[in-house]
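query-v8.cif follows; it contains mmCIF, C-alpha atoms and all ligand atoms.
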data_run
loop_
_atom_site.label_atom_id
_atom_site.label_comp_id
_atom_site.auth_asym_id
_atom_site.auth_seq_id
_atom_site.Cartn_x
_atom_site.Cartn_y
_atom_site.Cartn_z
CA MET T 1 0.00 0.00 0.00
CA THR T 2 1.43 3.41 -0.97
CA LYS T 3 2.00 6.02 1.71
CA ASP T 4 -0.55 8.36 0.12
CA PHE T 5 -3.23 5.66 0.04
CA TYR T 6 -2.53 4.75 3.66
CA THR T 7 -2.79 8.39 4.72
CA LYS T 8 -6.06 8.77 2.83
CA LEU T 9 -7.57 5.68 4.46
CA ALA T 10 -6.45 6.77 7.94
CA GLU T 11 -8.14 10.14 7.38
CA ILE T 12 -11.33 8.44 6.21
CA ARG T 13 -11.38 6.28 9.33
CA HIS T 14 -10.93 9.34 11.55
CA ARG T 15 -13.79 11.07 9.79
CA ILE T 16 -16.09 8.05 10.26
CA HIS T 17 -14.94 7.66 13.87
CA ALA T 18 -15.85 11.27 14.61
CA HIS T 19 -19.39 10.78 13.24
CA PRO T 20 -20.70 7.50 14.68
CA GLU T 21 -24.33 6.45 14.23
CA VAL T 22 -25.96 3.68 16.27
CA SER T 23 -27.58 0.54 14.81
CA GLU T 24 -30.37 1.14 12.27
CA ASN T 25 -29.60 4.86 12.24
CA GLU T 26 -26.53 4.75 9.99
CA PHE T 27 -28.03 7.22 7.48
CA GLU T 28 -25.18 9.71 7.07
CA THR T 29 -22.63 6.90 7.28
CA THR T 30 -24.43 5.09 4.43
CA ALA T 31 -24.57 8.28 2.35
CA PHE T 32 -20.86 8.91 2.89
CA LEU T 33 -19.89 5.33 1.97
CA LYS T 34 -22.18 5.26 -1.08
CA GLU T 35 -20.71 8.49 -2.38
CA TYR T 36 -17.19 7.13 -2.01
CA ILE T 37 -18.09 3.85 -3.73
CA SER T 38 -19.94 5.49 -6.62
CA ASN T 39 -17.09 7.98 -7.13
CA LEU T 40 -14.90 4.93 -7.72
CA GLY T 41 -17.27 3.92 -10.51
CA ILE T 42 -18.49 0.85 -8.60
CA ARG T 43 -22.12 -0.15 -9.17
CA ILE T 44 -24.47 -0.06 -6.19
CA LEU T 45 -27.26 -2.64 -6.18
CA GLU T 46 -30.90 -1.60 -5.78
CA THR T 47 -32.21 -2.91 -2.44
CA GLU T 48 -34.71 -1.90 0.21
CA LEU T 49 -32.11 -1.68 2.95
CA PRO T 50 -32.96 1.39 5.05
CA THR T 51 -29.29 1.71 6.00
CA GLY T 52 -26.22 -0.03 4.68
CA PHE T 53 -25.93 -1.15 1.04
CA ILE T 54 -24.52 -3.70 -1.38
CA ALA T 55 -22.22 -3.02 -4.34
CA GLU T 56 -20.42 -5.09 -6.98
CA ILE T 57 -17.16 -5.15 -8.90
CA GLY T 58 -16.60 -7.45 -11.89
CA HIS T 59 -19.02 -9.70 -13.74
CA GLY T 60 -20.43 -13.20 -13.72
CA LYS T 61 -19.76 -16.16 -11.47
CA PRO T 62 -18.30 -17.06 -9.13
CA VAL T 63 -19.35 -14.35 -6.68
CA ILE T 64 -17.33 -13.76 -3.51
CA ALA T 65 -18.79 -11.46 -0.84
CA LEU T 66 -16.78 -9.20 1.46
CA ARG T 67 -18.62 -7.90 4.51
CA ALA T 68 -17.98 -4.98 6.84
CA ASP T 69 -20.38 -3.75 9.51
CA ILE T 70 -20.94 -0.01 9.87
CA ASP T 71 -22.87 0.70 13.10
CA ALA T 72 -21.69 2.29 16.36
CA LEU T 73 -22.73 1.91 20.01
CA PRO T 74 -24.63 4.17 22.41
CA ILE T 75 -21.49 4.79 24.48
CA LYS T 76 -20.07 8.19 25.44
CA GLU T 77 -16.47 8.22 24.23
CA ARG T 78 -13.78 9.05 26.79
CA ASN T 79 -10.85 9.18 24.36
CA THR T 80 -9.34 12.63 23.99
CA PHE T 81 -7.69 12.45 20.56
CA GLU T 82 -8.86 15.04 18.13
CA TYR T 83 -11.20 12.81 16.10
CA ALA T 84 -12.94 11.36 19.20
CA SER T 85 -16.74 11.34 18.94
CA LYS T 86 -18.63 14.14 20.62
CA ASN T 87 -22.18 13.09 19.72
CA GLY T 88 -22.86 10.55 22.50
CA ALA T 89 -22.35 7.49 20.28
CA MET T 90 -19.03 5.75 19.73
CA HIS T 91 -17.32 3.36 17.37
CA ALA T 92 -16.27 1.37 20.44
CA CYS T 93 -16.33 -1.90 18.49
CA GLY T 94 -14.10 -0.57 15.70
CA HIS T 95 -16.68 -0.81 12.91
CA ASP T 96 -15.20 2.50 11.63
CA PHE T 97 -12.07 0.45 10.94
CA HIS T 98 -14.00 -2.38 9.26
CA GLN T 99 -15.86 -0.14 6.81
CA THR T 100 -12.72 1.89 6.00
CA SER T 101 -10.80 -1.27 5.13
CA LEU T 102 -13.62 -2.37 2.83
CA LEU T 103 -13.51 1.01 1.07
CA GLY T 104 -9.77 0.54 0.65
CA ALA T 105 -10.23 -2.99 -0.67
CA ALA T 106 -12.95 -1.81 -3.05
CA GLU T 107 -10.62 0.82 -4.50
CA LEU T 108 -7.80 -1.68 -5.08
CA LEU T 109 -10.13 -4.33 -6.55
CA LYS T 110 -11.84 -1.81 -8.84
CA ALA T 111 -8.42 -0.91 -10.26
CA GLN T 112 -8.02 -4.53 -11.44
CA GLU T 113 -11.65 -5.15 -12.41
CA GLY T 114 -10.63 -6.24 -15.94
CA GLN T 115 -8.66 -9.21 -14.60
CA LEU T 116 -11.22 -10.45 -12.07
CA ASN T 117 -12.28 -14.06 -12.47
CA GLY T 118 -15.90 -13.29 -11.47
CA THR T 119 -17.67 -10.82 -9.17
CA ILE T 120 -16.74 -9.28 -5.83
CA ARG T 121 -19.81 -8.28 -3.84
CA LEU T 122 -19.27 -5.60 -1.18
CA ILE T 123 -21.65 -5.75 1.77
CA PHE T 124 -21.71 -2.66 3.99
CA GLN T 125 -23.89 -4.16 6.69
CA PRO T 126 -25.96 -2.11 9.15
CA ALA T 127 -27.09 -2.99 12.67
CA GLU T 128 -24.62 -5.71 13.68
CA GLU T 129 -24.76 -4.76 17.36
CA VAL T 130 -28.48 -5.50 17.55
CA SER T 131 -28.23 -8.72 15.52
CA VAL T 132 -30.63 -7.66 12.77
CA GLY T 133 -28.33 -6.32 10.04
CA ALA T 134 -27.19 -9.64 8.58
CA TYR T 135 -30.82 -10.81 8.32
CA GLN T 136 -31.75 -7.57 6.52
CA VAL T 137 -28.92 -8.13 4.04
CA ILE T 138 -29.99 -11.73 3.43
CA GLU T 139 -33.65 -10.71 2.99
CA ASN T 140 -32.48 -8.19 0.40
CA GLY T 141 -30.77 -10.85 -1.70
CA GLY T 142 -27.28 -10.12 -0.40
CA LEU T 143 -26.21 -13.77 -0.66
CA LYS T 144 -27.82 -14.50 -4.04
CA ASP T 145 -25.33 -16.48 -6.20
CA VAL T 146 -22.56 -16.02 -3.61
CA SER T 147 -20.13 -18.95 -3.36
CA ALA T 148 -18.42 -17.79 -0.15
CA ILE T 149 -18.26 -14.80 2.17
CA ILE T 150 -15.30 -13.28 3.99
CA GLY T 151 -15.41 -11.04 7.04
CA TYR T 152 -13.39 -10.17 10.10
CA HIS T 153 -13.48 -8.36 13.40
CA ASN T 154 -10.66 -6.17 14.57
CA TYR T 155 -9.14 -7.54 17.75
CA PRO T 156 -7.36 -5.24 20.22
CA HIS T 157 -5.40 -8.07 21.82
CA LEU T 158 -3.50 -8.88 18.61
CA LYS T 159 -0.93 -6.49 17.10
CA PRO T 160 -1.27 -4.71 13.76
CA GLY T 161 -0.01 -7.13 11.11
CA GLU T 162 -1.40 -10.17 12.92
CA ILE T 163 -4.40 -12.27 11.92
CA GLY T 164 -6.09 -14.77 14.21
CA LEU T 165 -8.01 -17.59 12.60
CA ARG T 166 -9.39 -21.03 13.31
CA SER T 167 -11.66 -23.58 11.67
CA LYS T 168 -15.13 -24.17 13.12
CA ALA T 169 -16.27 -21.87 15.98
CA ILE T 170 -14.43 -18.54 16.23
CA MET T 171 -17.18 -16.65 18.07
CA ALA T 172 -19.85 -17.95 20.37
CA ALA T 173 -23.48 -18.68 19.86
CA VAL T 174 -25.28 -16.19 22.08
CA ASP T 175 -28.58 -16.98 23.76
CA LYS T 176 -30.48 -14.43 25.76
CA PHE T 177 -33.29 -15.58 28.02
CA LYS T 178 -35.89 -13.96 30.24
CA VAL T 179 -37.98 -16.19 32.49
CA THR T 180 -41.14 -14.93 34.20
CA ILE T 181 -42.64 -16.85 37.13
CA SER T 182 -46.24 -16.14 38.20
CA GLY T 183 -48.44 -17.39 41.02
CA VAL T 184 -50.69 -16.16 43.80
CA SER T 185 -49.47 -13.43 46.09
CA GLY T 186 -50.02 -13.75 49.82
CA HIS T 187 -48.89 -12.96 53.33
CA ALA T 188 -45.32 -13.91 54.16
CA ALA T 189 -46.66 -15.53 57.35
CA ARG T 190 -48.91 -17.98 55.38
CA PRO T 191 -46.86 -19.24 52.40
CA ASP T 192 -49.17 -22.26 52.17
CA PHE T 193 -52.00 -19.99 50.93
CA GLY T 194 -49.95 -18.48 48.07
CA THR T 195 -47.04 -19.11 45.74
CA ASP T 196 -43.45 -18.57 46.78
CA THR T 197 -42.23 -17.03 43.53
CA VAL T 198 -38.93 -16.04 45.22
CA LEU T 199 -38.09 -19.64 46.05
CA ALA T 200 -39.29 -20.82 42.64
CA ILE T 201 -36.94 -18.38 40.92
CA THR T 202 -33.92 -19.15 43.08
CA THR T 203 -34.53 -22.89 42.69
CA ILE T 204 -34.57 -22.58 38.90
CA VAL T 205 -31.44 -20.41 38.94
CA ASN T 206 -29.63 -22.98 41.09
CA ASN T 207 -30.76 -25.96 39.02
CA ALA T 208 -29.82 -24.21 35.79
CA GLN T 209 -26.22 -24.06 36.94
CA ALA T 210 -26.10 -27.85 36.84
CA ILE T 211 -26.81 -27.90 33.09
CA ILE T 212 -23.28 -27.14 31.97
CA SER T 213 -21.45 -28.91 34.82
CA ARG T 214 -23.56 -32.10 34.55
CA THR T 215 -24.83 -32.40 30.98
CA VAL T 216 -22.17 -30.89 28.69
CA SER T 217 -19.06 -32.87 27.72
CA PRO T 218 -15.96 -31.78 29.68
CA PHE T 219 -14.28 -31.28 26.28
CA GLU T 220 -16.90 -28.79 25.11
CA SER T 221 -17.02 -25.16 26.33
CA ALA T 222 -20.17 -23.33 27.37
CA VAL T 223 -21.26 -20.54 29.70
CA LEU T 224 -24.54 -19.90 31.51
CA SER T 225 -24.92 -16.66 33.49
CA VAL T 226 -28.02 -15.38 35.26
CA THR T 227 -27.36 -11.69 35.67
CA HIS T 228 -30.60 -10.07 36.80
CA ILE T 229 -33.42 -11.09 39.14
CA ASP T 230 -36.39 -8.86 39.79
CA VAL T 231 -38.96 -10.11 42.30
CA GLY T 232 -40.88 -8.61 45.23
CA SER T 233 -40.78 -5.21 46.85
CA THR T 234 -41.06 -5.62 50.61
CA TRP T 235 -40.40 -7.97 53.53
CA ASN T 236 -43.79 -9.41 54.48
CA VAL T 237 -45.54 -10.02 51.15
CA MET T 238 -44.99 -12.99 48.87
CA PRO T 239 -44.87 -11.43 45.40
CA GLU T 240 -47.29 -12.56 42.74
CA SER T 241 -44.65 -12.68 40.00
CA GLY T 242 -41.04 -11.98 39.18
CA TYR T 243 -38.47 -12.69 36.52
CA PHE T 244 -34.84 -13.39 35.90
CA GLU T 245 -32.67 -12.98 32.81
CA GLY T 246 -29.27 -13.88 31.54
CA THR T 247 -27.29 -15.44 28.73
CA MET T 248 -25.74 -18.66 27.48
CA ARG T 249 -22.71 -18.99 25.19
CA SER T 250 -21.68 -22.07 23.24
CA PHE T 251 -19.42 -23.03 20.34
CA SER T 252 -21.18 -25.57 18.18
CA PRO T 253 -24.69 -25.69 16.74
CA GLU T 254 -25.30 -29.02 18.54
CA THR T 255 -24.28 -27.72 21.97
CA ARG T 256 -26.37 -24.62 21.44
CA GLN T 257 -29.45 -26.69 20.77
CA HIS T 258 -28.69 -28.95 23.72
CA LEU T 259 -28.39 -25.94 26.08
CA ARG T 260 -31.65 -24.44 24.93
CA ASP T 261 -33.46 -27.77 25.35
CA ALA T 262 -31.92 -28.46 28.77
CA PHE T 263 -32.62 -24.93 30.00
CA THR T 264 -36.23 -25.19 28.85
CA ARG T 265 -36.64 -28.51 30.70
CA VAL T 266 -35.20 -27.14 33.95
CA VAL T 267 -37.37 -24.05 33.79
CA GLU T 268 -40.58 -25.88 32.90
CA ASN T 269 -40.15 -28.72 35.39
CA THR T 270 -39.61 -26.64 38.52
CA PRO T 271 -42.76 -24.49 38.89
CA ASP T 272 -45.11 -27.43 39.51
CA GLN T 273 -43.45 -27.94 42.86
CA PHE T 274 -44.40 -24.37 43.84
CA ASN T 275 -47.78 -24.18 42.11
CA ALA T 276 -46.43 -21.47 39.86
CA SER T 277 -46.53 -20.92 36.10
CA VAL T 278 -43.64 -19.98 33.92
CA GLU T 279 -42.85 -18.32 30.59
CA ILE T 280 -39.52 -18.25 28.72
CA GLU T 281 -38.67 -15.54 26.19
CA TRP T 282 -35.64 -15.98 23.94
CA GLY T 283 -33.97 -12.91 22.42
CA ARG T 284 -33.03 -12.76 18.72
CA THR T 285 -29.32 -13.42 19.04
CA PRO T 286 -26.59 -14.78 16.78
CA THR T 287 -25.77 -18.43 16.46
CA VAL T 288 -22.16 -19.64 16.44
CA THR T 289 -19.76 -17.95 14.01
CA PHE T 290 -18.71 -21.19 12.37
CA ASN T 291 -15.77 -21.07 9.96
CA ASP T 292 -15.90 -23.34 6.95
CA GLU T 293 -13.64 -26.35 7.44
CA ILE T 294 -12.43 -26.45 3.81
CA LEU T 295 -11.92 -22.75 3.09
CA THR T 296 -10.49 -21.67 6.46
CA PRO T 297 -7.23 -23.67 6.21
CA LEU T 298 -6.76 -22.30 2.67
CA ILE T 299 -7.22 -18.70 3.82
CA PHE T 300 -5.02 -19.39 6.85
CA GLU T 301 -2.15 -20.45 4.54
CA HIS T 302 -2.78 -17.79 1.91
CA SER T 303 -2.82 -14.95 4.45
CA LYS T 304 0.71 -15.86 5.54
CA GLN T 305 1.88 -14.07 2.39
CA PHE T 306 1.09 -10.69 3.94
CA ALA T 307 0.49 -11.22 7.69
CA LYS T 308 1.53 -13.18 10.72
CA VAL T 309 -1.29 -15.72 11.04
CA VAL T 310 -1.92 -17.37 14.39
CA GLU T 311 -4.46 -19.94 15.52
CA VAL T 312 -6.73 -18.40 18.18
CA GLU T 313 -9.16 -19.64 20.77
CA PRO T 314 -12.79 -18.74 20.07
CA LEU T 315 -14.20 -15.60 21.68
CA THR T 316 -17.23 -15.81 23.97
CA ILE T 317 -18.86 -12.81 22.32
CA GLY T 318 -21.27 -13.18 19.43
CA GLU T 319 -21.33 -11.86 15.87
CA ASP T 320 -24.23 -11.78 13.41
CA PHE T 321 -21.86 -12.81 10.58
CA ALA T 322 -22.98 -16.25 11.78
CA ALA T 323 -26.26 -15.71 9.91
CA TYR T 324 -24.42 -15.74 6.58
CA GLN T 325 -22.48 -18.85 7.53
CA GLU T 326 -25.73 -20.68 8.20
CA LYS T 327 -26.51 -20.22 4.48
CA ILE T 328 -23.15 -20.40 2.67
CA PRO T 329 -19.49 -21.16 3.50
CA GLY T 330 -17.81 -18.27 5.25
CA VAL T 331 -14.53 -17.36 6.89
CA PHE T 332 -14.32 -14.86 9.73
CA ALA T 333 -10.94 -13.75 11.10
CA LEU T 334 -9.70 -11.61 13.96
CA ILE T 335 -7.35 -8.88 12.74
CA GLY T 336 -4.93 -7.28 15.20
CA SER T 337 -5.83 -3.65 15.86
CA ASN T 338 -3.84 -2.60 18.92
CA GLY T 339 -1.77 -5.17 20.81
CA ASP T 340 -0.70 -2.96 23.74
CA ALA T 341 -0.70 -4.81 27.07
CA ASP T 342 -3.24 -2.34 28.46
CA ALA T 343 -5.36 -2.05 25.29
CA ALA T 344 -9.02 -1.40 26.14
CA ASP T 345 -11.41 -4.16 25.17
CA LEU T 346 -14.20 -4.00 22.60
CA HIS T 347 -17.18 -1.87 23.75
CA HIS T 348 -15.01 0.07 26.24
CA ASP T 349 -15.28 3.86 26.30
CA THR T 350 -11.53 4.21 25.68
CA PHE T 351 -11.36 1.53 22.99
CA THR T 352 -8.71 2.51 20.44
CA VAL T 353 -7.74 1.08 17.06
CA LYS T 354 -4.31 1.79 15.55
CA ASP T 355 -4.24 3.05 11.97
CA GLU T 356 -1.16 0.89 11.30
CA ALA T 357 -3.52 -2.10 11.34
CA LEU T 358 -5.35 -0.90 8.20
CA PRO T 359 -3.04 -2.32 5.49
CA THR T 360 -3.38 -5.89 6.80
CA ALA T 361 -7.17 -5.60 6.92
CA VAL T 362 -7.29 -4.26 3.35
CA GLN T 363 -4.97 -7.03 2.16
CA TYR T 364 -7.02 -9.66 3.97
CA PHE T 365 -10.03 -8.63 1.88
CA VAL T 366 -8.22 -8.08 -1.43
CA GLU T 367 -5.86 -11.05 -1.44
CA ASN T 368 -8.39 -13.56 -0.17
CA ALA T 369 -11.15 -12.30 -2.46
CA LEU T 370 -8.88 -12.79 -5.49
CA TYR T 371 -7.75 -16.15 -4.16
CA LEU T 372 -11.32 -17.42 -3.63
CA LEU T 373 -12.47 -16.14 -7.04
CA ASP T 374 -9.76 -18.26 -8.66
CA TYR T 375 -10.48 -21.18 -6.33
CA PHE T 376 -14.21 -21.26 -7.12
CA ALA T 377 -13.66 -20.51 -10.83
CA LYS T 378 -11.51 -23.67 -10.96
CA THR T 379 -13.69 -25.92 -8.77
CA GLN T 380 -16.95 -24.88 -10.46
CA LYS T 381 -15.53 -25.58 -13.93
CA ALA T 382 -14.08 -28.91 -12.87
ZN ZN T 401 -19.68 -4.89 19.16
ZN ZN T 402 -18.20 -5.45 16.44
#

As structure tokens, what does this structure read like?
Ligand SMILES: [Zn+2]
Ligand SMILES: [Zn+2]
Amino acid sequence: MTKDFYTKLAEIRHRIHAHPEVSENEFETTAFLKEYISNLGIRILETELPTGFIAEIGHGKPVIALRADIDALPIKERNTFEYASKNGAMHACGHDFHQTSLLGAAELLKAQEGQLNGTIRLIFQPAEEVSVGAYQVIENGGLKDVSAIIGYHNYPHLKPGEIGLRSKAIMAAVDKFKVTISGVSGHAARPDFGTDTVLAITTIVNNAQAIISRTVSPFESAVLSVTHIDVGSTWNVMPESGYFEGTMRSFSPETRQHLRDAFTRVVENTPDQFNASVEIEWGRTPTVTFNDEILTPLIFEHSKQFAKVVEVEPLTIGEDFAAYQEKIPGVFALIGSNGDADAADLHHDTFTVKDEALPTAVQYFVENALYLLDYFAKTQKA
């Protein structure tokens, strides 16, 4: 990457960082990105996406998709550098970095459009943080004719120039539950006349903690956390109802299903004992980010040409890129974006990405897109 191009991309990232927009409100961000992409002469597809958009370089099959998310978080930024956000939202997950690298990749790929062995589809995805953006893209035909999709998340605990990758799960399946227990309220002195919703809730919470320790293989990882209980308001009344909520994380589609089934059984089997009724609500949350077992080793090897590639443990956070991987093969990497020992984590109000990480992210898109176009051109002809 030339020095001028690097400087231009760093300035673009700073501009985007200074003007963050939260999920489903990325209107100015979308306008800015669209203008940049159409100034490059790249065609933008007609869709009904309210925010975000899809564009294409090249012609015909195969089609390889590159995805960057564009939304920010409702966090007040505490960084003090000059391009820090002042509008109450913040690119605290580094999606400013993701979209800038895709602009950079688009520019480099457009310059060699004549030699492309197919089509590169650029997906500027909205609303990742609320787990709806990937579904919107899919509903708008974003994966039509696509052979494979590539994405990444910046990762502050790897250095610029490093890429973390692994086959199968790289980010967790996230489940969010809320359980409401209802019964008959009564005097604390006569529990036999009413329902002890407090004891029903705490019994379920206790029993739920046996799911992972007693029913999941010791060689499989999973997490179950109850983080919020709301029941009752005073000392001498048994409350009529209450609820608790929390989350589960897992790393394979099978374990995820097992956890949901086991949790449902524990919750539904307990209330009888207390003469209570129960209702479970599941949030709309991403399934496991599951890297394709054929393409991931190829991208792992190929990326060594321009980066230090390391095998990483999966992260316990979730990512809606998983929705694409449920439909087609996909590879999702972690790209080093800071690497300092005291680097703030994702979603922190002092989260900071280093510009020096940009060239590796751009190359990850460009080099692997070209590589997969050739790969699928060959395998589809054969
Ligand atoms: Zn995030
Ligand atoms: Zn993110």

| message | At a cut-off of 12 Å and counting all atoms listed in the file, what residues surround ligand ZN 401 (chain T)? Please answer as a PyMOL selection string. | response | chain T and resi 22-23+69-75+90-96+98+127-131+153-155+317-321+345-348+351

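All residues of protein, DNA or RNA that reach within 7 Å of Met248 in chain T, judged by only C-alpha atoms and not counting those fewer than 5 positions away in the chain, are T:Val174, T:Asp175, T:Lys176, T:Val223, T:Leu224, T:Ser225.
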
Mind writing the picked residues with C-alpha atoms as a PDB file, in the coordinates of the input?
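Result went into result.pdb, see below:
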ATOM      1  CA  VAL T 174     -25.280 -16.190  22.080  1.00  0.00           C
ATOM      2  CA  ASP T 175     -28.580 -16.980  23.760  1.00  0.00           C
ATOM      3  CA  LYS T 176     -30.480 -14.430  25.760  1.00  0.00           C
ATOM      4  CA  VAL T 223     -21.260 -20.540  29.700  1.00  0.00           C
ATOM      5  CA  LEU T 224     -24.540 -19.900  31.510  1.00  0.00           C
ATOM      6  CA  SER T 225     -24.920 -16.660  33.490  1.00  0.00           C
TER       7      SER T 225
END

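Distances to ligand ZN 402 (chain T) were evaluated for T:Gly114, T:Gly41, T:Gly151, T:Gly52 using all atoms listed in the file, and the minimum falls at T:Gly151.
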
| request: Excluding Ser252 in chain T and any residue of its chain fewer than 2 positions from it, enumerate the residues within 10 Å of it, using only C-alpha atoms, and give them as a PyMOL selection string. | output: chain T and resi 168-173+220-222+249-250+254-258+287-290

Legend entry - Close residues, Val309 in chain T itself excluded, 9 Å, only C-alpha atoms, min 5 positions apart in chain, as a VMD selection string: chain T and resid 161 to 165 300 to 301 303 to 304

Do you have the CA of Ile150 in chain T-CA of Ile120 in chain T distance handy?
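Distance reported for this atom pair: 10.7 Å.
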
### Query
Between T:Leu370, T:Val146, T:Asp340, T:Arg67, which one has atoms that come closest to Ala322 in chain T, using all atoms listed in the file?
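Counting all atoms listed in the file, the residue closest to Ala322 in chain T is T:Arg67.
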
Closest of T:Tyr36, T:Phe263, T:Phe97, T:Tyr83 to ligand ZN 402 (chain T) - atom-to-atom distances counting all atoms listed in the file
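Among the listed residues, the smallest separation from ligand ZN 402 (chain T) belongs to T:Phe97.
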
| said: One decimal, in Å: what's the spacing between CA of Glu48 in chain T and CA of Ile64 in chain T? | reply: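 Answer for the CA of Glu48 in chain T to CA of Ile64 in chain T separation: 21.4 Å.
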
Restricting the calculation to only C-alpha atoms, which member of T:Val132, T:Ala341, T:Ile149, T:Ile42 is positioned closest to Ile299 in chain T?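 Checking each of T:Val132, T:Ala341, T:Ile149, T:Ile42 against Ile299 in chain T, counting only C-alpha atoms, the winner is T:Ile149.
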
Report task. Quote the spacing between CA of Asp196 in chain T and CA of Phe274 in chain T in Å to one decimal place. Result ->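 So the two atoms, CA of Asp196 in chain T and CA of Phe274 in chain T, lie 6.6 Å apart.
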
Practice problem: Pick out the closest residue to ligand ZN 402 (chain T) from this set: T:Ala68, T:Val331, T:Val362, T:Leu295. Count all atoms listed in the file. | Solution: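 Answer, going by the shortest atom-to-atom distance: T:Ala68.
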
message = With all atoms listed in the file as the counted atoms, please give the residues lying no more than 8 Å from range 373-378 of chain T, apart from itself and same-chain residues fewer than 5 positions off, as a list in words.
response =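 Once the nearby chain positions are removed, what remains is Lys61, Pro62, Val63, Ile64, Leu116, Asn117, Gly118, Thr119 and Ser147 of chain T.
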
*asked:* Nearest residue to ligand ZN 402 (chain T) out of T:Asn140, T:Pro156, T:Arg78, T:Leu108, using all atoms listed in the file?
replied: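 Using all atoms listed in the file, ligand ZN 402 (chain T) sits closest to T:Pro156.
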
- Compile the contact shell of Ser85 in chain T as a PyMOL selection string: residues with an atom at most 8 Å away, counting all atoms listed in the file, same-chain residues fewer than 2 positions apart removed. chain T and resi 17-20+76-77+83+87-90
